[in-house]
Amino acid sequence: MSEQSTFQAPAPAGTIQTLLRKDWRGLVLPLAFVLVWWAVTTLGLVNTKLIVPPADVVTTAYRFITGGTFFDGLGASLWRDGAGFVIGSLAGVAFGALVGVSRWANRIVGPTFHTFKHISLFAWLPLISTWLGQGDVAKILFVALSAFYPVALGTLEGVKGIARAQLEVARVYAFNRWQLLFKLVLPAASPQILAGLHLALIYAWLATIGAEYLLAKSGPGLGDAVIQGKAAFNVPLVVFGMLIIGFVGAFFNQIAARIEARLLRWRDVRR
Amino acid sequence: MSSFNSATASLSLQDADVAVPRSTGQPTLAARLLGAWQAAWPTLRRFLLAWPFPLAIFALWSAAAHFEWVAPQVLPSPETVFNTFGDLFNSGELRTNGVISFNRVVSGFAIGASSGLLLGVLMGLSPTFKDYVYPIFRAFAQVPSLGWLPLLMMLVGIDEALKIILVAKAALVPVALNTLKGIEGVPTRYIEVAKVYGFNQWQLLVRVVFPAAFPMIWNGVRYGLTHSWLALVAVELLASSEGLGFLIVYGRQLYQMDVVMAAVVVVGAVGFVLDKVLATIETRLLRWRHDAF
């Protein structure tokens with residue numbers, strides 16, 4: 001079934017016809033939802049303190065965005081997310097490659113690694129915050145940890161999947177250590193590494209929000225803003241924050257999927 | 001490079017050694033002992049080598065606690081943690097909270113996974129349904145579970161319903177997505193063969209589509225359970241008065257890191273057990289795959 005869809009002729013772009021031909025049915029449910037939301041709040045069928053009218057969310061969003069704190073918060077969150085993601089993924093690739101390539105490393109740290117991965121991510125947060133405080137260091141470390149596991153697991157899986165024949169070819173070419181790493185191991189493992197990075201991007205964002213909820217301070221941050229909104233029972237702000245969190249998550253997901261597809265184009269080529 | 005070499009070297013050495021007793025026809029006792037030793041050695045070595053690293057960390061931890069390199073409120077000694085673990089276990093606190101968390105995750109997961117399965121099957125089998133529902137489902141799936149939390153807390157309060165809903169959401173998304181992908185990925189030739197055999201719709205579904213999609217669906221189920229557990233611990237940390245997550249927060253607030261660490265160990269153990277149970281079920285259910293080859 002999926003095969004058929006890939007062979008569909010691409011629609012000509014930029015004409016009214018494409019707009020008409022585009023599938024709008026996916027919008028039916030969301031529009032119906034907003035309509036019902038609007039209707040029940042306007043008709044006063046529900047407690048409008050709890051289920052606020054859609055218009056309130058829009059005005060709150062406008063005030064929040066123009067108030068200036070929004071971009072500070074978003075920036076702070078993205079900085080934590082990005083820094084943690086980069087640190088965690090680099091460590092993950094390094095660890096995964098080492099444990100995948102070296103039997104001894106695998107024998108010595110592998111079992112410990114596979115045991116620790118079972119500890120639910122958020123259980124680490126109270127420990128980390130005790131040791132490192134409630135500031136950015138603790139949050140970034142936590143985000144890094146959340147990114148580390150999927151990347152390390154993906155890299156490990158990818159390196160383990162390299163065929164012996166490929167290694168033998170590299171030997172024939174007398175590759176040195178670095179050539180082996182950068183011309184064989186990492187490229188051959190790249191599909192799994194990228195899959196791990198994609199997962200890590202999602203986890204890192206989840207961890208950023210979680211860390212900001214749990215270690216909420218008066219400082220800037222999207223999660224902090226939402227938690228403060230919740231404390232002040234500012235429902236429109238919470239709804240808006242949730243939407244932004246969702247948008248950022250969806251954006252990361254799209255980016256990752258695009259990059260993955262682009263970098264892995266070589267796989268489609270028949271060898 | 002050296003590690004690659006040593007890997008091949010050890011492999012070829014073992015091959016040669018094992019071949020010796022086989023060639024003599026009647027193996028001597030020494031050869032048989034050698035063979036047994038060589039058969040047992042890799043397992044034994046794997047077991048032995050797993051310990052130095054955790055033991056080194058443990059020694060470092062003990063030393064740090066013993067010489068008070070860090071304050072004991074921040075890093076309690078291993079024996080304190082061990083004793084606390086025993087106390088919490090004997091007083092039943094660990095068990096009560098563990099059982100509460102376990103029940104929450106199981107019921108939330110059951111609700112989420114079954115509705116995810118239903119949703120995935122409907123989307124996989126009916127293109128019309130998929131056209132209407134899939135876009136909003138994707139949007140829904142991309143908001144992280146924690147994004148919903150504050151809103152849900154205001155809408156349904158911080159009672160059991162909150163936990164069950166979030167845990168169910170965490171399980172629903174991967175199960176539904178993988179079910180959809182699994183069903184869409186069933187090779188067309190399987191369906192063609194089934195048509196040749198004159199299968200009716202029901203037979204096609206139960207005997208071809210589901211078995212073929214099963215590994216993918218089960219993958220989603222395993223992911224879903226992991227996510228459920230992750231979500232539950234997070235909710236319990238944020239809004240709960242019982243459960244393992246609460247125990248962690250409670251210990252943290254009282255600066256009793258021994259309680260926190262003991263609870264973290266249990267969180268890890270429950271996650272481990274949940275995953276192992278599903279892995280065991282998987283190998284059982286997928287035995288037919290091995291039979292085929």
# chains A, B, ... in the order shown; residues from 1 in each chain; ligands from 1
$ residues_around --residues "segment 58-67 of chain A" --least-positions-apart "2" --cutoff "7 Å" --atoms "only C-alpha atoms" --output "PyMOL selection string"
chain A and resi 54-56+69-70+236-237+240
$ interface_residues --of "chain A" --to "chain B" --cutoff "7 Å" --atoms "only C-alpha atoms" --output "PDB file with N, CA and C atoms, in the first residue's frame"
ATOM      1  N   MET A   1       0.822  -1.203   0.000  1.00  0.00           N
ATOM      2  CA  MET A   1       0.000   0.000   0.000  1.00  0.00           C
ATOM      3  C   MET A   1       0.859   1.257   0.000  1.00  0.00           C
ATOM      4  N   SER A   2       1.937   1.193   0.815  1.00  0.00           N
ATOM      5  CA  SER A   2       2.812   2.357   0.866  1.00  0.00           C
ATOM      6  C   SER A   2       3.604   2.487  -0.435  1.00  0.00           C
ATOM      7  N   ARG A  25      -9.430  17.102   3.768  1.00  0.00           N
ATOM      8  CA  ARG A  25     -10.281  16.377   4.709  1.00  0.00           C
ATOM      9  C   ARG A  25      -9.669  16.291   6.105  1.00  0.00           C
ATOM     10  N   GLY A  26      -8.327  16.377   6.140  1.00  0.00           N
ATOM     11  CA  GLY A  26      -7.669  16.326   7.438  1.00  0.00           C
ATOM     12  C   GLY A  26      -8.025  17.501   8.326  1.00  0.00           C
ATOM     13  N   VAL A  28     -11.030  18.721   8.682  1.00  0.00           N
ATOM     14  CA  VAL A  28     -12.426  18.662   9.140  1.00  0.00           C
ATOM     15  C   VAL A  28     -12.487  18.532  10.657  1.00  0.00           C
ATOM     16  N   LEU A  29     -11.751  17.554  11.193  1.00  0.00           N
ATOM     17  CA  LEU A  29     -11.830  17.310  12.636  1.00  0.00           C
ATOM     18  C   LEU A  29     -11.301  18.481  13.459  1.00  0.00           C
ATOM     19  N   PRO A  30     -10.123  19.031  13.127  1.00  0.00           N
ATOM     20  CA  PRO A  30      -9.652  20.179  13.920  1.00  0.00           C
ATOM     21  C   PRO A  30     -10.618  21.348  13.891  1.00  0.00           C
ATOM     22  N   LEU A  50     -12.750  27.510  33.447  1.00  0.00           N
ATOM     23  CA  LEU A  50     -11.952  26.307  33.258  1.00  0.00           C
ATOM     24  C   LEU A  50     -11.712  26.053  31.769  1.00  0.00           C
ATOM     25  N   SER A 102      35.021  -1.895  20.149  1.00  0.00           N
ATOM     26  CA  SER A 102      35.933  -2.608  21.026  1.00  0.00           C
ATOM     27  C   SER A 102      35.197  -3.634  21.876  1.00  0.00           C
ATOM     28  N   ARG A 103      35.598  -4.871  21.740  1.00  0.00           N
ATOM     29  CA  ARG A 103      34.987  -5.929  22.537  1.00  0.00           C
ATOM     30  C   ARG A 103      35.202  -5.715  24.020  1.00  0.00           C
ATOM     31  N   ARG A 107      32.520  -5.417  26.902  1.00  0.00           N
ATOM     32  CA  ARG A 107      32.421  -6.355  28.023  1.00  0.00           C
ATOM     33  C   ARG A 107      32.438  -5.628  29.355  1.00  0.00           C
ATOM     34  N   ILE A 108      33.205  -4.547  29.425  1.00  0.00           N
ATOM     35  CA  ILE A 108      33.388  -3.913  30.732  1.00  0.00           C
ATOM     36  C   ILE A 108      32.282  -2.920  31.053  1.00  0.00           C
ATOM     37  N   VAL A 109      31.934  -2.045  30.111  1.00  0.00           N
ATOM     38  CA  VAL A 109      30.894  -1.060  30.460  1.00  0.00           C
ATOM     39  C   VAL A 109      29.524  -1.406  29.894  1.00  0.00           C
ATOM     40  N   PRO A 111      27.378  -4.049  30.164  1.00  0.00           N
ATOM     41  CA  PRO A 111      26.323  -4.484  31.098  1.00  0.00           C
ATOM     42  C   PRO A 111      25.823  -3.348  31.993  1.00  0.00           C
ATOM     43  N   THR A 112      26.744  -2.517  32.481  1.00  0.00           N
ATOM     44  CA  THR A 112      26.320  -1.402  33.336  1.00  0.00           C
ATOM     45  C   THR A 112      25.425  -0.451  32.552  1.00  0.00           C
ATOM     46  N   HIS A 118      17.458   1.325  31.978  1.00  0.00           N
ATOM     47  CA  HIS A 118      16.092   1.010  32.412  1.00  0.00           C
ATOM     48  C   HIS A 118      15.543   2.019  33.408  1.00  0.00           C
ATOM     49  N   ILE A 119      16.438   2.804  33.999  1.00  0.00           N
ATOM     50  CA  ILE A 119      15.943   3.795  34.954  1.00  0.00           C
ATOM     51  C   ILE A 119      15.232   4.893  34.180  1.00  0.00           C
ATOM     52  N   SER A 120      13.974   5.069  34.506  1.00  0.00           N
ATOM     53  CA  SER A 120      13.160   6.064  33.824  1.00  0.00           C
ATOM     54  C   SER A 120      13.841   7.432  33.930  1.00  0.00           C
ATOM     55  N   LEU A 121      13.911   8.104  32.787  1.00  0.00           N
ATOM     56  CA  LEU A 121      14.678   9.339  32.663  1.00  0.00           C
ATOM     57  C   LEU A 121      14.430  10.334  33.800  1.00  0.00           C
ATOM     58  N   PHE A 122      13.159  10.575  34.094  1.00  0.00           N
ATOM     59  CA  PHE A 122      12.837  11.639  35.039  1.00  0.00           C
ATOM     60  C   PHE A 122      13.237  11.309  36.468  1.00  0.00           C
ATOM     61  N   ALA A 123      13.478  10.038  36.731  1.00  0.00           N
ATOM     62  CA  ALA A 123      13.911   9.674  38.076  1.00  0.00           C
ATOM     63  C   ALA A 123      15.288  10.268  38.379  1.00  0.00           C
ATOM     64  N   PRO A 126      15.689  14.514  40.234  1.00  0.00           N
ATOM     65  CA  PRO A 126      15.909  14.940  41.629  1.00  0.00           C
ATOM     66  C   PRO A 126      17.353  14.738  42.068  1.00  0.00           C
ATOM     67  N   THR A 130      19.946  17.791  43.099  1.00  0.00           N
ATOM     68  CA  THR A 130      20.607  17.842  44.405  1.00  0.00           C
ATOM     69  C   THR A 130      22.099  18.104  44.242  1.00  0.00           C
ATOM     70  N   TRP A 131      22.659  17.449  43.226  1.00  0.00           N
ATOM     71  CA  TRP A 131      24.107  17.560  43.063  1.00  0.00           C
ATOM     72  C   TRP A 131      24.507  18.854  42.375  1.00  0.00           C
ATOM     73  N   ARG A 177      43.482   3.774  11.828  1.00  0.00           N
ATOM     74  CA  ARG A 177      42.415   3.909  12.815  1.00  0.00           C
ATOM     75  C   ARG A 177      41.374   4.960  12.461  1.00  0.00           C
ATOM     76  N   LEU A 206      11.386  16.974  25.268  1.00  0.00           N
ATOM     77  CA  LEU A 206      10.581  16.490  26.395  1.00  0.00           C
ATOM     78  C   LEU A 206      11.313  16.747  27.713  1.00  0.00           C
ATOM     79  N   GLY A 210      10.286  19.051  30.831  1.00  0.00           N
ATOM     80  CA  GLY A 210      10.169  18.381  32.130  1.00  0.00           C
ATOM     81  C   GLY A 210      11.056  19.034  33.165  1.00  0.00           C
ATOM     82  N   LEU A 214       9.888  20.856  36.617  1.00  0.00           N
ATOM     83  CA  LEU A 214      10.248  20.337  37.940  1.00  0.00           C
ATOM     84  C   LEU A 214      11.204  21.249  38.680  1.00  0.00           C
ATOM     85  N   ILE A 227       4.229  26.712  34.000  1.00  0.00           N
ATOM     86  CA  ILE A 227       4.003  26.340  35.397  1.00  0.00           C
ATOM     87  C   ILE A 227       3.516  27.551  36.194  1.00  0.00           C
ATOM     88  N   LYS A 230       0.005  28.088  35.356  1.00  0.00           N
ATOM     89  CA  LYS A 230      -0.838  27.117  36.044  1.00  0.00           C
ATOM     90  C   LYS A 230      -1.068  27.554  37.491  1.00  0.00           C
ATOM     91  N   VAL A 238      -1.694  28.797  29.715  1.00  0.00           N
ATOM     92  CA  VAL A 238      -1.278  27.393  29.708  1.00  0.00           C
ATOM     93  C   VAL A 238      -1.582  26.750  28.359  1.00  0.00           C
ATOM     94  N   VAL A 239      -2.772  27.053  27.827  1.00  0.00           N
ATOM     95  CA  VAL A 239      -3.136  26.490  26.519  1.00  0.00           C
ATOM     96  C   VAL A 239      -2.165  26.982  25.452  1.00  0.00           C
ATOM     97  N   MET A 242       1.175  25.311  25.814  1.00  0.00           N
ATOM     98  CA  MET A 242       1.096  23.943  25.326  1.00  0.00           C
ATOM     99  C   MET A 242       1.191  23.908  23.804  1.00  0.00           C
ATOM    100  N   ILE A 245       4.776  24.573  22.833  1.00  0.00           N
ATOM    101  CA  ILE A 245       5.593  23.372  23.093  1.00  0.00           C
ATOM    102  C   ILE A 245       5.359  22.348  21.990  1.00  0.00           C
ATOM    103  N   GLY A 246       4.093  22.177  21.618  1.00  0.00           N
ATOM    104  CA  GLY A 246       3.769  21.243  20.549  1.00  0.00           C
ATOM    105  C   GLY A 246       4.361  21.664  19.218  1.00  0.00           C
ATOM    106  N   GLY A 249       8.069  21.042  19.153  1.00  0.00           N
ATOM    107  CA  GLY A 249       8.306  19.607  19.015  1.00  0.00           C
ATOM    108  C   GLY A 249       8.074  19.150  17.585  1.00  0.00           C
ATOM    109  N   ALA A 250       6.967  19.602  16.994  1.00  0.00           N
ATOM    110  CA  ALA A 250       6.638  19.209  15.623  1.00  0.00           C
ATOM    111  C   ALA A 250       7.682  19.733  14.645  1.00  0.00           C
TER     112      ALA A 250
END
$ atom_distance --atom1 "atom CA of Gly158 of chain A" --atom2 "atom CA of Leu181 of chain A"
12.8 Å
$ select_by_dssp --residues "segment 64-199 of chain A" --states "alpha helix (DSSP H)" --output "PyMOL selection string"
chain A and resi 64-66+69-101+103-116+124-132+136-160+164-172+177-179+186-199
$ closest_residue --among "A:Ala32, A:Ala94, A:Val151, A:Val99" --to "Leu201 of chain A" --atoms "only C-alpha atoms"
A:Val151
$ residues_around --residues "segment 183-195 of chain A" --least-positions-apart "5" --cutoff "9 Å" --atoms "only C-alpha atoms" --output "list in words"
Val93, Ala97, Val101, Pro150, Val151, Ala152, Leu153, Gly154, Thr155, Leu156, Glu157, Gly158, Val159, Lys160, Gly161, Ile162, Gln166, Leu167, Ala170, Phe175, Trp178, Ala200, Ala256, Ile259, Glu260, Leu263, Leu264 and Arg267 of chain A
$ atom_distance --atom1 "atom CA of Ile57 of chain B" --atom2 "atom CA of Leu132 of chain A"
19.0 Å
$ atom_distance --atom1 "atom CA of Leu162 of chain B" --atom2 "atom CA of Gln256 of chain B"
27.6 Å
$ residues_around --residues "Tyr213 of chain A" --least-positions-apart "3" --cutoff "6 Å" --atoms "only C-alpha atoms" --output "ChimeraX atom specification"
/A:210,216,223-224
$ closest_residue --among "A:Phe182, A:Phe148, A:Phe251, A:Tyr173" --to "Ile87 of chain A" --atoms "only C-alpha atoms"
A:Phe148
$ residues_around --residues "Gly116 of chain B" --least-positions-apart "3" --cutoff "7 Å" --atoms "only C-alpha atoms" --output "PDB file with C-alpha atoms, in the first residue's frame"
ATOM      1  CA  GLY B 112      -3.875   3.571  25.871  1.00  0.00           C
ATOM      2  CA  ALA B 113      -2.536   0.537  24.043  1.00  0.00           C
ATOM      3  CA  LEU B 119      -7.080   3.600  16.057  1.00  0.00           C
ATOM      4  CA  GLY B 120      -4.108   2.138  14.196  1.00  0.00           C
ATOM      5  CA  LEU B 172      -1.501   5.341  22.561  1.00  0.00           C
ATOM      6  CA  VAL B 173       0.753   7.261  20.194  1.00  0.00           C
ATOM      7  CA  VAL B 175       1.013   1.792  19.426  1.00  0.00           C
ATOM      8  CA  ALA B 176      -1.273   3.539  16.936  1.00  0.00           C
TER       9      ALA B 176
END
